[in-house]
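A.B. asks: Structure file work_11.txt (compact mmCIF, C-alpha atoms) is given on the next line.
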# COMPACT_ATOMS: atom_id res chain seq x y z
CA MET A 255 0.00 0.00 0.00
CA PRO A 256 1.67 3.26 -1.07
CA VAL A 257 2.07 5.67 1.82
CA ILE A 258 2.65 9.37 1.20
CA VAL A 259 3.36 11.84 3.97
CA GLU A 260 3.94 15.55 3.70
CA ILE A 261 4.85 17.52 6.82
CA LEU A 262 5.41 21.26 6.92
CA GLY A 263 7.55 22.96 9.51
CA ASN A 264 11.01 21.61 8.85
CA PRO A 265 10.61 18.02 9.96
CA SER A 266 13.77 15.94 10.24
CA SER A 267 13.90 12.52 8.61
CA LYS A 268 13.29 10.99 12.03
CA ILE A 269 9.54 11.67 12.06
CA PHE A 270 9.13 10.19 8.59
CA GLN A 271 11.05 7.09 9.64
CA LYS A 272 8.77 6.77 12.65
CA VAL A 273 5.65 7.02 10.50
CA PHE A 274 6.83 4.55 7.88
CA ALA A 275 7.98 2.12 10.56
CA TYR A 276 4.51 2.34 12.02
CA PHE A 277 2.93 1.40 8.69
CA GLU A 278 5.37 -1.50 8.40
CA TYR A 279 4.15 -2.72 11.76
CA VAL A 280 0.51 -2.38 10.65
CA ASP A 281 1.24 -4.37 7.52
CA GLU A 282 3.09 -7.12 9.41
CA THR A 283 0.21 -7.44 11.87
CA PHE A 284 -2.86 -7.03 9.70
CA SER A 285 -2.01 -8.00 6.15
CA PRO A 286 -4.01 -11.01 4.94
CA TYR A 287 -1.23 -11.57 2.41
CA LYS A 288 1.55 -12.11 4.94
CA ALA A 289 1.97 -15.63 6.27
CA LYS A 290 3.01 -14.48 9.74
CA SER A 291 0.50 -11.69 10.26
CA GLU A 292 -1.98 -12.03 13.10
CA VAL A 293 -4.82 -11.88 10.59
CA THR A 294 -3.45 -14.85 8.65
CA ARG A 295 -2.73 -16.80 11.81
CA ILE A 296 -6.24 -16.18 13.11
CA ASN A 297 -7.69 -17.31 9.79
CA ASP A 298 -5.48 -20.43 9.85
CA LYS A 299 -6.57 -21.11 13.40
CA ARG A 300 -2.97 -20.85 14.59
CA LEU A 301 -3.92 -17.92 16.82
CA LYS A 302 -7.01 -17.41 18.93
CA PRO A 303 -8.44 -13.90 18.82
CA LYS A 304 -8.38 -13.61 22.60
CA LYS A 305 -4.61 -14.31 22.53
CA ALA A 306 -3.97 -11.72 19.86
CA SER A 307 -2.24 -8.37 20.39
CA ASP A 308 -4.07 -5.40 21.90
CA ASP A 309 -4.25 -3.71 18.51
CA MET A 310 -5.76 -6.82 16.90
CA LYS A 311 -8.35 -7.09 19.64
CA LEU A 312 -9.11 -3.41 19.31
CA ILE A 313 -9.64 -3.77 15.57
CA LEU A 314 -11.95 -6.74 16.12
CA ASN A 315 -14.00 -4.66 18.55
CA LEU A 316 -14.11 -1.65 16.26
CA ALA A 317 -15.15 -3.90 13.38
CA GLY A 318 -17.97 -5.30 15.48
CA ASP A 319 -19.19 -1.81 16.38
CA THR A 320 -19.02 -0.78 12.75
CA LYS A 321 -20.98 -3.82 11.66
CA GLU A 322 -23.78 -2.83 14.04
CA VAL A 323 -23.98 0.79 13.06
CA THR A 324 -24.02 -0.12 9.36
CA GLN A 325 -26.72 -2.78 9.72
CA GLY A 326 -24.28 -5.50 8.73
CA PHE A 327 -23.09 -3.92 5.48
CA PHE A 328 -19.66 -3.56 7.02
CA ASP A 329 -18.44 -7.02 7.90
CA ILE A 330 -14.83 -8.15 8.06
CA TYR A 331 -15.89 -11.79 7.82
CA GLN A 332 -16.72 -13.34 4.51
CA ASN A 333 -17.26 -17.08 4.39
CA LYS A 334 -15.36 -17.38 7.67
CA PHE A 335 -12.36 -15.55 6.20
CA MET A 336 -11.50 -12.44 8.19
CA ASP A 337 -10.09 -9.40 6.40
CA PRO A 338 -10.12 -6.17 8.39
CA SER A 339 -8.52 -4.02 5.69
CA GLY A 340 -11.63 -1.86 5.30
CA ILE A 341 -11.17 -0.53 8.81
CA VAL A 342 -7.44 -0.99 9.48
CA LYS A 343 -6.41 1.45 6.76
CA GLY A 344 -8.31 4.43 8.15
CA TRP A 345 -7.44 3.51 11.72
CA ALA A 346 -3.72 3.23 10.90
CA ILE A 347 -3.61 6.55 9.04
CA GLN A 348 -5.30 8.16 12.00
CA LYS A 349 -2.73 6.66 14.39
CA ALA A 350 0.11 7.80 12.16
CA SER A 351 -1.35 11.31 12.16
CA GLU A 352 -1.34 11.27 15.94
CA ILE A 353 2.36 10.31 15.92
CA ILE A 354 3.04 13.40 13.80
CA SER A 355 0.92 15.82 15.78
CA ASP A 356 2.32 14.47 19.07
CA ALA A 357 5.73 15.44 17.72
CA GLY A 358 4.48 19.02 17.47
CA PHE A 359 3.60 19.37 13.78
CA THR A 360 0.36 21.12 12.83
CA ASP A 361 0.33 21.16 9.01
CA PHE A 362 0.58 17.82 7.27
CA TYR A 363 -1.25 15.01 5.61
CA VAL A 364 -0.94 11.25 5.62
CA SER A 365 -2.14 9.35 2.60
CA ALA A 366 -2.29 5.58 2.26
CA GLY A 367 -4.03 3.59 -0.43
CA GLY A 368 -6.23 6.49 -1.48
CA ASP A 369 -7.37 7.45 2.03
CA ILE A 370 -6.12 10.67 3.57
CA GLN A 371 -5.98 12.49 6.88
CA THR A 372 -5.34 16.22 6.59
CA ARG A 373 -4.25 18.65 9.28
CA GLY A 374 -3.77 22.40 9.05
CA LEU A 375 -2.88 24.10 5.79
CA ASN A 376 -0.63 23.49 2.81
CA LYS A 377 2.51 25.46 1.97
CA ASN A 378 0.43 28.18 0.30
CA ARG A 379 -1.46 28.66 3.56
CA GLN A 380 -4.57 27.20 1.98
CA LYS A 381 -6.60 24.14 2.83
CA TRP A 382 -5.15 20.92 1.46
CA GLN A 383 -6.42 20.32 -2.06
CA VAL A 384 -7.47 16.72 -2.42
CA ALA A 385 -8.66 15.42 -5.76
CA ILE A 386 -11.05 12.58 -6.36
CA ARG A 387 -9.71 10.40 -9.13
CA ASN A 388 -11.80 9.53 -12.17
CA PRO A 389 -12.40 5.81 -11.73
CA PHE A 390 -12.57 5.41 -15.52
CA ASN A 391 -9.41 7.33 -16.28
CA LEU A 392 -6.84 7.31 -13.55
CA THR A 393 -4.92 10.19 -15.10
CA GLN A 394 -7.85 12.54 -14.49
CA ASN A 395 -9.35 14.08 -11.41
CA VAL A 396 -13.07 14.77 -11.32
CA LYS A 397 -13.49 16.78 -8.13
CA VAL A 398 -11.22 18.88 -5.95
CA LEU A 399 -11.87 19.08 -2.23
CA ARG A 400 -10.43 21.59 0.17
CA LEU A 401 -9.79 20.06 3.55
CA SER A 402 -8.18 21.09 6.80
CA GLY A 403 -8.48 18.52 9.54
CA GLU A 404 -11.00 16.27 7.81
CA GLY A 405 -10.35 12.75 6.65
CA VAL A 406 -11.37 11.38 3.28
CA ALA A 407 -11.65 7.84 2.00
CA THR A 408 -12.65 6.45 -1.37
CA SER A 409 -13.92 2.93 -1.81
CA GLY A 410 -13.75 1.37 -5.24
CA THR A 411 -14.51 -2.05 -6.55
CA TYR A 412 -10.99 -3.35 -6.18
CA GLU A 413 -8.77 -2.56 -3.26
CA ARG A 414 -5.33 -4.13 -3.27
CA GLY A 415 -6.58 -6.78 -5.61
CA HIS A 416 -9.50 -8.13 -3.66
CA HIS A 417 -13.18 -7.30 -3.90
CA ILE A 418 -15.24 -5.18 -1.66
CA TYR A 419 -17.87 -7.81 -1.33
CA ASN A 420 -21.45 -7.25 -0.36
CA PRO A 421 -22.14 -9.30 2.75
CA LYS A 422 -25.83 -9.28 2.01
CA GLU A 423 -25.32 -10.49 -1.57
CA GLU A 424 -27.68 -8.03 -3.10
CA LEU A 425 -27.49 -6.96 -6.71
CA ASN A 426 -25.79 -3.68 -5.96
CA ASP A 427 -22.72 -3.52 -8.13
CA ASP A 428 -23.59 -0.55 -10.31
CA ILE A 429 -21.38 2.02 -8.55
CA VAL A 430 -17.66 2.20 -9.08
CA SER A 431 -16.49 4.73 -6.52
CA LEU A 432 -17.76 6.25 -3.30
CA THR A 433 -15.85 8.98 -1.48
CA VAL A 434 -16.65 9.94 2.09
CA VAL A 435 -15.44 13.03 3.97
CA ALA A 436 -15.63 12.82 7.76
CA LYS A 437 -14.14 14.50 10.80
CA ASN A 438 -11.30 11.98 10.61
CA VAL A 439 -10.07 9.32 8.22
CA TYR A 440 -11.02 6.41 10.50
CA GLU A 441 -14.69 7.39 10.23
CA ALA A 442 -14.36 8.15 6.53
CA ASP A 443 -12.80 4.77 5.77
CA ARG A 444 -15.18 2.49 7.66
CA PHE A 445 -18.26 4.28 6.35
CA ALA A 446 -16.96 4.44 2.78
CA THR A 447 -16.37 0.70 2.95
CA ALA A 448 -19.86 -0.01 4.29
CA ALA A 449 -21.65 2.42 2.01
CA PHE A 450 -19.93 1.07 -1.07
CA ALA A 451 -21.26 -2.38 -0.24
CA MET A 452 -24.78 -0.95 -0.37
CA GLY A 453 -24.53 -0.01 -4.02
CA LYS A 454 -26.56 2.99 -5.15
CA ASP A 455 -28.26 3.23 -1.79
CA GLY A 456 -24.88 3.90 -0.18
CA ILE A 457 -25.05 7.63 -0.83
CA ASN A 458 -28.43 7.78 0.91
CA PHE A 459 -26.94 6.00 3.90
CA ILE A 460 -24.15 8.59 4.06
CA GLU A 461 -26.70 11.39 3.71
CA LYS A 462 -28.53 10.09 6.77
CA GLN A 463 -25.43 10.04 8.98
CA LYS A 464 -24.47 13.18 10.87
CA GLY A 465 -20.95 14.38 10.16
CA LEU A 466 -20.47 12.50 6.91
CA GLU A 467 -20.60 13.78 3.34
CA GLY A 468 -20.27 11.66 0.24
CA TYR A 469 -19.73 11.61 -3.51
CA MET A 470 -20.72 8.51 -5.41
CA ILE A 471 -19.85 7.72 -9.04
CA ASP A 472 -21.85 5.12 -10.93
CA LYS A 473 -20.85 3.03 -13.92
CA ASN A 474 -22.39 5.62 -16.27
CA SER A 475 -20.11 8.40 -15.06
CA MET A 476 -22.90 10.07 -13.10
CA ALA A 477 -22.07 11.35 -9.67
CA THR A 478 -24.52 11.74 -6.79
CA MET A 479 -23.56 13.78 -3.76
CA THR A 480 -24.91 14.36 -0.27
CA ARG A 481 -26.43 17.73 0.42
CA GLY A 482 -23.51 19.15 2.40
CA PHE A 483 -20.79 17.77 0.17
CA GLU A 484 -20.17 20.90 -1.86
CA LYS A 485 -18.99 22.84 1.13
CA TYR A 486 -15.78 20.85 0.74
CA ALA A 487 -15.65 21.38 -2.99
CA ASN A 488 -16.23 25.11 -2.85
CA SER A 489 -14.52 26.24 0.33
CA LYS A 490 -11.20 28.04 0.10
CA MET B 292 -36.77 1.95 9.97
CA LYS B 293 -38.99 0.80 7.10
CA LYS B 294 -41.88 2.89 8.44
CA ILE B 295 -39.71 5.96 8.66
CA ILE B 296 -38.53 5.49 5.10
CA LEU B 297 -42.12 5.00 3.93
CA VAL B 298 -43.22 8.17 5.73
CA ILE B 299 -40.36 10.14 4.24
CA ALA B 300 -41.25 8.76 0.79
CA ILE B 301 -44.92 9.72 1.20
CA VAL B 302 -44.01 13.19 2.47
CA GLY B 303 -41.64 13.41 -0.46
CA ILE B 304 -44.43 12.64 -2.92
CA PHE B 305 -46.74 15.29 -1.43
CA GLY B 306 -43.87 17.71 -1.33
CA THR B 307 -43.17 17.20 -4.99
CA PHE B 308 -46.75 17.81 -6.08
CA VAL B 309 -46.41 21.23 -4.52
CA ALA B 310 -42.91 21.73 -5.82
CA PHE B 311 -43.95 20.57 -9.26
CA GLN B 312 -45.54 23.96 -9.80
CA ASN B 313 -41.97 25.12 -10.31
CA LYS B 314 -40.43 22.53 -12.63
CA GLN B 315 -37.37 24.62 -13.36
CA LYS B 316 -36.30 24.70 -9.72
CA ILE B 317 -36.45 20.93 -9.64
CA LYS B 318 -34.45 20.58 -12.82
CA ASP B 319 -31.82 22.85 -11.29
CA LEU B 320 -31.77 20.77 -8.16
CA ILE B 321 -31.32 17.53 -10.00
CA SER B 322 -29.10 18.53 -12.89
CA GLY B 323 -27.15 21.02 -10.85
CA ASN B 324 -25.63 22.87 -13.79
CA GLU B 325 -26.38 25.51 -16.34
CA SER B 326 -27.19 23.36 -19.33
CA ARG B 327 -30.89 23.13 -19.92
CA GLU B 328 -30.84 20.75 -22.83
CA THR B 329 -33.64 18.59 -21.49
CA SER B 330 -36.85 17.43 -23.06
CA GLU B 331 -40.20 18.74 -21.88
CA GLU B 332 -41.93 16.63 -19.25
CA SER B 333 -45.54 15.64 -19.57
CA SER B 334 -47.46 16.07 -16.34
CA ALA B 335 -48.72 12.49 -16.54
CA SER B 336 -45.28 10.95 -16.25
CA PRO B 337 -42.79 13.04 -14.32
CA MET B 338 -39.22 12.49 -15.44
CA MET B 339 -35.83 13.07 -13.96
CA GLN B 340 -33.41 14.99 -16.14
CA PRO B 341 -29.85 13.89 -15.64
CA SER B 342 -27.51 16.54 -16.92
CA SER B 343 -25.53 15.97 -20.14
CA ALA B 344 -25.00 12.19 -19.88
CA PRO B 345 -22.11 11.46 -22.23
CA MET B 346 -23.69 8.69 -24.27
CA VAL B 347 -24.00 10.15 -27.77
CA GLY B 348 -23.89 7.48 -30.44
CA ARG B 349 -23.97 4.46 -28.16
CA TYR B 350 -27.70 4.17 -27.59
CA LYS B 351 -30.59 4.14 -30.02
CA ASP B 352 -33.48 6.53 -29.36
CA GLY B 353 -36.53 4.99 -27.82
CA THR B 354 -38.04 3.83 -24.57
CA TYR B 355 -36.62 0.79 -22.81
CA THR B 356 -37.82 -1.11 -19.79
CA GLY B 357 -35.29 -2.74 -17.52
CA THR B 358 -35.73 -6.09 -15.87
CA VAL B 359 -37.15 -6.15 -12.38
CA ALA B 360 -34.40 -6.11 -9.80
CA ASP B 361 -34.50 -6.78 -6.11
CA ALA B 362 -33.96 -3.65 -4.01
CA THR B 363 -33.75 -3.62 -0.23
CA TYR B 364 -37.46 -3.22 0.56
CA GLY B 365 -39.05 -4.62 -2.57
CA ASN B 366 -38.68 -4.68 -6.31
CA ILE B 367 -37.42 -1.91 -8.51
CA GLN B 368 -37.81 -1.47 -12.22
CA VAL B 369 -36.89 1.50 -14.35
CA GLN B 370 -37.92 2.59 -17.78
CA ILE B 371 -35.60 4.94 -19.63
CA THR B 372 -36.08 7.22 -22.60
CA ILE B 373 -33.22 7.88 -24.96
CA GLN B 374 -33.30 10.93 -27.21
CA GLY B 375 -30.38 12.12 -29.26
CA GLY B 376 -28.33 9.28 -27.84
CA LYS B 377 -28.74 10.52 -24.26
CA ILE B 378 -30.92 9.47 -21.37
CA THR B 379 -33.60 12.14 -21.23
CA GLY B 380 -35.90 10.49 -18.76
CA ILE B 381 -36.10 7.82 -16.15
CA ASN B 382 -39.37 6.39 -14.83
CA TYR B 383 -39.60 4.12 -11.84
CA LEU B 384 -42.16 1.52 -12.89
CA GLN B 385 -41.72 -0.33 -9.64
CA SER B 386 -40.17 1.13 -6.56
CA PRO B 387 -39.85 -0.29 -3.07
CA ASP B 388 -42.75 1.61 -1.51
CA HIS B 389 -45.21 0.12 -4.02
CA PRO B 390 -44.57 -3.60 -3.83
CA GLY B 391 -46.37 -6.08 -6.00
CA HIS B 392 -47.82 -3.85 -8.72
CA THR B 393 -46.54 -1.62 -11.46
CA THR B 394 -46.97 2.04 -10.71
CA GLU B 395 -45.64 5.18 -12.28
CA VAL B 396 -44.15 6.89 -9.30
CA SER B 397 -42.43 10.21 -9.41
CA ASN B 398 -38.77 9.45 -8.89
CA MET B 399 -38.83 12.32 -6.45
CA ALA B 400 -40.30 9.89 -3.94
CA LEU B 401 -36.73 8.67 -3.48
CA PRO B 402 -34.25 10.97 -1.74
CA LEU B 403 -33.39 14.02 -3.83
CA LEU B 404 -29.64 14.30 -4.01
CA LYS B 405 -27.81 16.48 -6.44
CA GLN B 406 -26.33 14.73 -9.45
CA GLU B 407 -23.81 15.73 -12.06
CA ALA B 408 -21.89 14.14 -14.88
CA ILE B 409 -18.28 13.81 -13.80
CA THR B 410 -15.86 16.09 -15.64
CA ALA B 411 -12.10 16.39 -15.61
CA GLN B 412 -10.75 19.15 -13.41
CA ASN B 413 -7.67 21.12 -14.32
CA SER B 414 -6.65 22.51 -10.96
CA ASN B 415 -3.40 21.74 -9.25
CA VAL B 416 -3.86 19.45 -6.31
CA ASP B 417 -1.81 18.38 -3.32
CA ILE B 418 -3.16 14.88 -2.95
CA VAL B 419 -5.34 12.36 -4.78
CA SER B 420 -8.01 10.11 -3.28
CA GLY B 421 -9.06 7.42 -5.59
CA ALA B 422 -10.79 4.29 -6.56
CA THR B 423 -8.63 1.90 -8.44
CA GLN B 424 -10.17 -0.28 -11.09
CA THR B 425 -13.61 -0.29 -12.56
CA SER B 426 -16.42 -2.57 -11.66
CA GLN B 427 -17.12 -6.04 -13.02
CA GLY B 428 -20.76 -5.42 -12.42
CA PHE B 429 -23.82 -7.39 -11.74
CA MET B 430 -26.83 -6.86 -13.98
CA VAL B 431 -29.15 -4.35 -12.40
CA THR B 432 -32.26 -2.83 -13.84
CA LEU B 433 -30.71 0.33 -15.28
CA GLN B 434 -27.85 -1.50 -16.88
CA SER B 435 -30.34 -3.96 -18.33
CA ALA B 436 -32.27 -1.13 -19.96
CA LEU B 437 -29.10 0.48 -21.28
CA ASP B 438 -27.93 -2.80 -22.73
CA GLN B 439 -31.17 -3.11 -24.65
CA ALA B 440 -30.76 0.40 -26.01
CA LYS B 441 -27.19 -0.28 -26.98
CA SER B 442 -27.86 -3.55 -28.74
CA SER B 443 -30.58 -2.06 -30.86
CA SER B 444 -28.31 0.73 -32.16
Could you show the structure in this file as structure tokens?

C.D. replies:
Amino acid sequence: MPVIVEILGNPSSKIFQKVFAYFEYVDETFSPYKAKSEVTRINDKRLKPKKASDDMKLILNLAGDTKEVTQGFFDIYQNKFMDPSGIVKGWAIQKASEIISDAGFTDFYVSAGGDIQTRGLNKNRQKWQVAIRNPFNLTQNVKVLRLSGEGVATSGTYERGHHIYNPKEELNDDIVSLTVVAKNVYEADRFATAAFAMGKDGINFIEKQKGLEGYMIDKNSMATMTRGFEKYANSK
Amino acid sequence: MKKIILVIAIVGIFGTFVAFQNKQKIKDLISGNESRETSEESSASPMMQPSSAPMVGRYKDGTYTGTVADATYGNIQVQITIQGGKITGINYLQSPDHPGHTTEVSNMALPLLKQEAITAQNSNVDIVSGATQTSQGFMVTLQSALDQAKSSS
């Protein structure tokens, strides 16, 4: 998962090393593609969840909470295979952001796999300008958001080579991208993941939640947005 | 939850009969941009006007009815009208608050959220948030109708 970090205020290389080392740790622990990760060992029954690390147990709890609040559309279990990527990514970016702000930096962003946490302002003293990629043409951007402190996550049909499945197996695969802006990237990521699984109804789900705004693109290049979304597109 | 959604839908329907006195406002709300290249609606069958859908040349003009698909609270079936190669209208023949029989329901019974055709932006950006690859897709009712339009062109 590509990780991009920009920190203003003359950071030394030390803070970057700390952040990247943290993402290494997250990958080693939670990647379903690594033979020794806790996720793989839990799936192989070589590790019991109650004997897992504190972070693993925390993620399992957060995933359970998220499943409830999304009426089951967010579910890290599919056919008994557990993959918490849809919540770990946002959670990890959030944690990495805390490492940076704890070190005293106020203007930065952390981006991993298309999800971003912003803080403060960019080098032009403006809100961070975050583009939403055109899912049909990855060289183009179709929307520019201006964020300072918010988190943003985009769910698409493929993430790191595996599907976002629909736990309820409904015929809802006519959207290709759903972007959520929230007060932090942890919230944005878990709700983008859940809402994407709902298909076209996902944007309505986001509309109903307080504190979330969304932008959904369907397979016909039509976008639908929540009512408050444009405050991020038009603010300066 | 279902009751609340039904109430909101019913309130939405009443609301639109009032709002329908001012069709232009609704077109603005739905298309969300300056282009007014939409066909006239007949009052018997209210239509949604998506703004400049980029489909010129792919679809043959006409009216097409999609297969019935299973939505969360019932069946859904759309009928689309293509004019000049673009979708100029969408009718919900079946929607979840009218299970079991075919009804022409104003699509404004479903939540009114602003729509737009996506367009490339030229601004400089700091960061990109993105989906990766495009969808494989299941057949849903709209795609079914579009496929019929495409195959007859």

A.B. asks: Enter the distance from atom CA of A:Phe445 to atom CA of A:Pro338, in Å, rounded to one decimal.

C.D. replies: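 Those two atoms sit 13.4 Å apart.
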
A.B. asks: Given a cut-off of 8 Å, which residues of chain A touch chain B, counting only C-alpha atoms, written out as a ChimeraX atom specification?

C.D. replies: /A:365,368-370,382-390,392,394-398,406-413,424-432,458,471,473-481

A.B. asks: From the options A:Val280, A:Ala446, A:Leu312, A:Ala306, which residue's atoms come nearest to A:Gly405, counting only C-alpha atoms?

C.D. replies: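 With only C-alpha atoms as the atom set, the closest residue is A:Ala446.
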
A.B. asks: Neighbours of A:Asp337 within 8 Å (all atoms listed in the file; same-chain residues fewer than 5 positions away dropped), as a list in words?

C.D. replies: Pro286, Val293, Ile330, Tyr331 and Gln332 of chain A

A.B. asks: Which polymer residues have any atom within 9 Å of an atom of A:Lys343, counting all atoms listed in the file, with same-chain residues fewer than 6 positions away left out, as a PyMOL selection string?

C.D. replies: chain A and resi 280+366-367+369+439-440+443-444

A.B. asks: A:Leu314: which residues within 12 Å, counting only C-alpha atoms, same-chain residues fewer than 3 positions away excluded, as a list in words?

C.D. replies: Phe284, Glu292, Val293, Ile296, Pro303, Lys304, Ala306, Ser307, Asp308, Asp309, Met310, Lys311, Ala317, Gly318, Asp319, Thr320, Lys321, Asp329, Ile330, Tyr331, Met336, Asp337, Pro338, Ser339, Gly340, Ile341 and Val342 of chain A
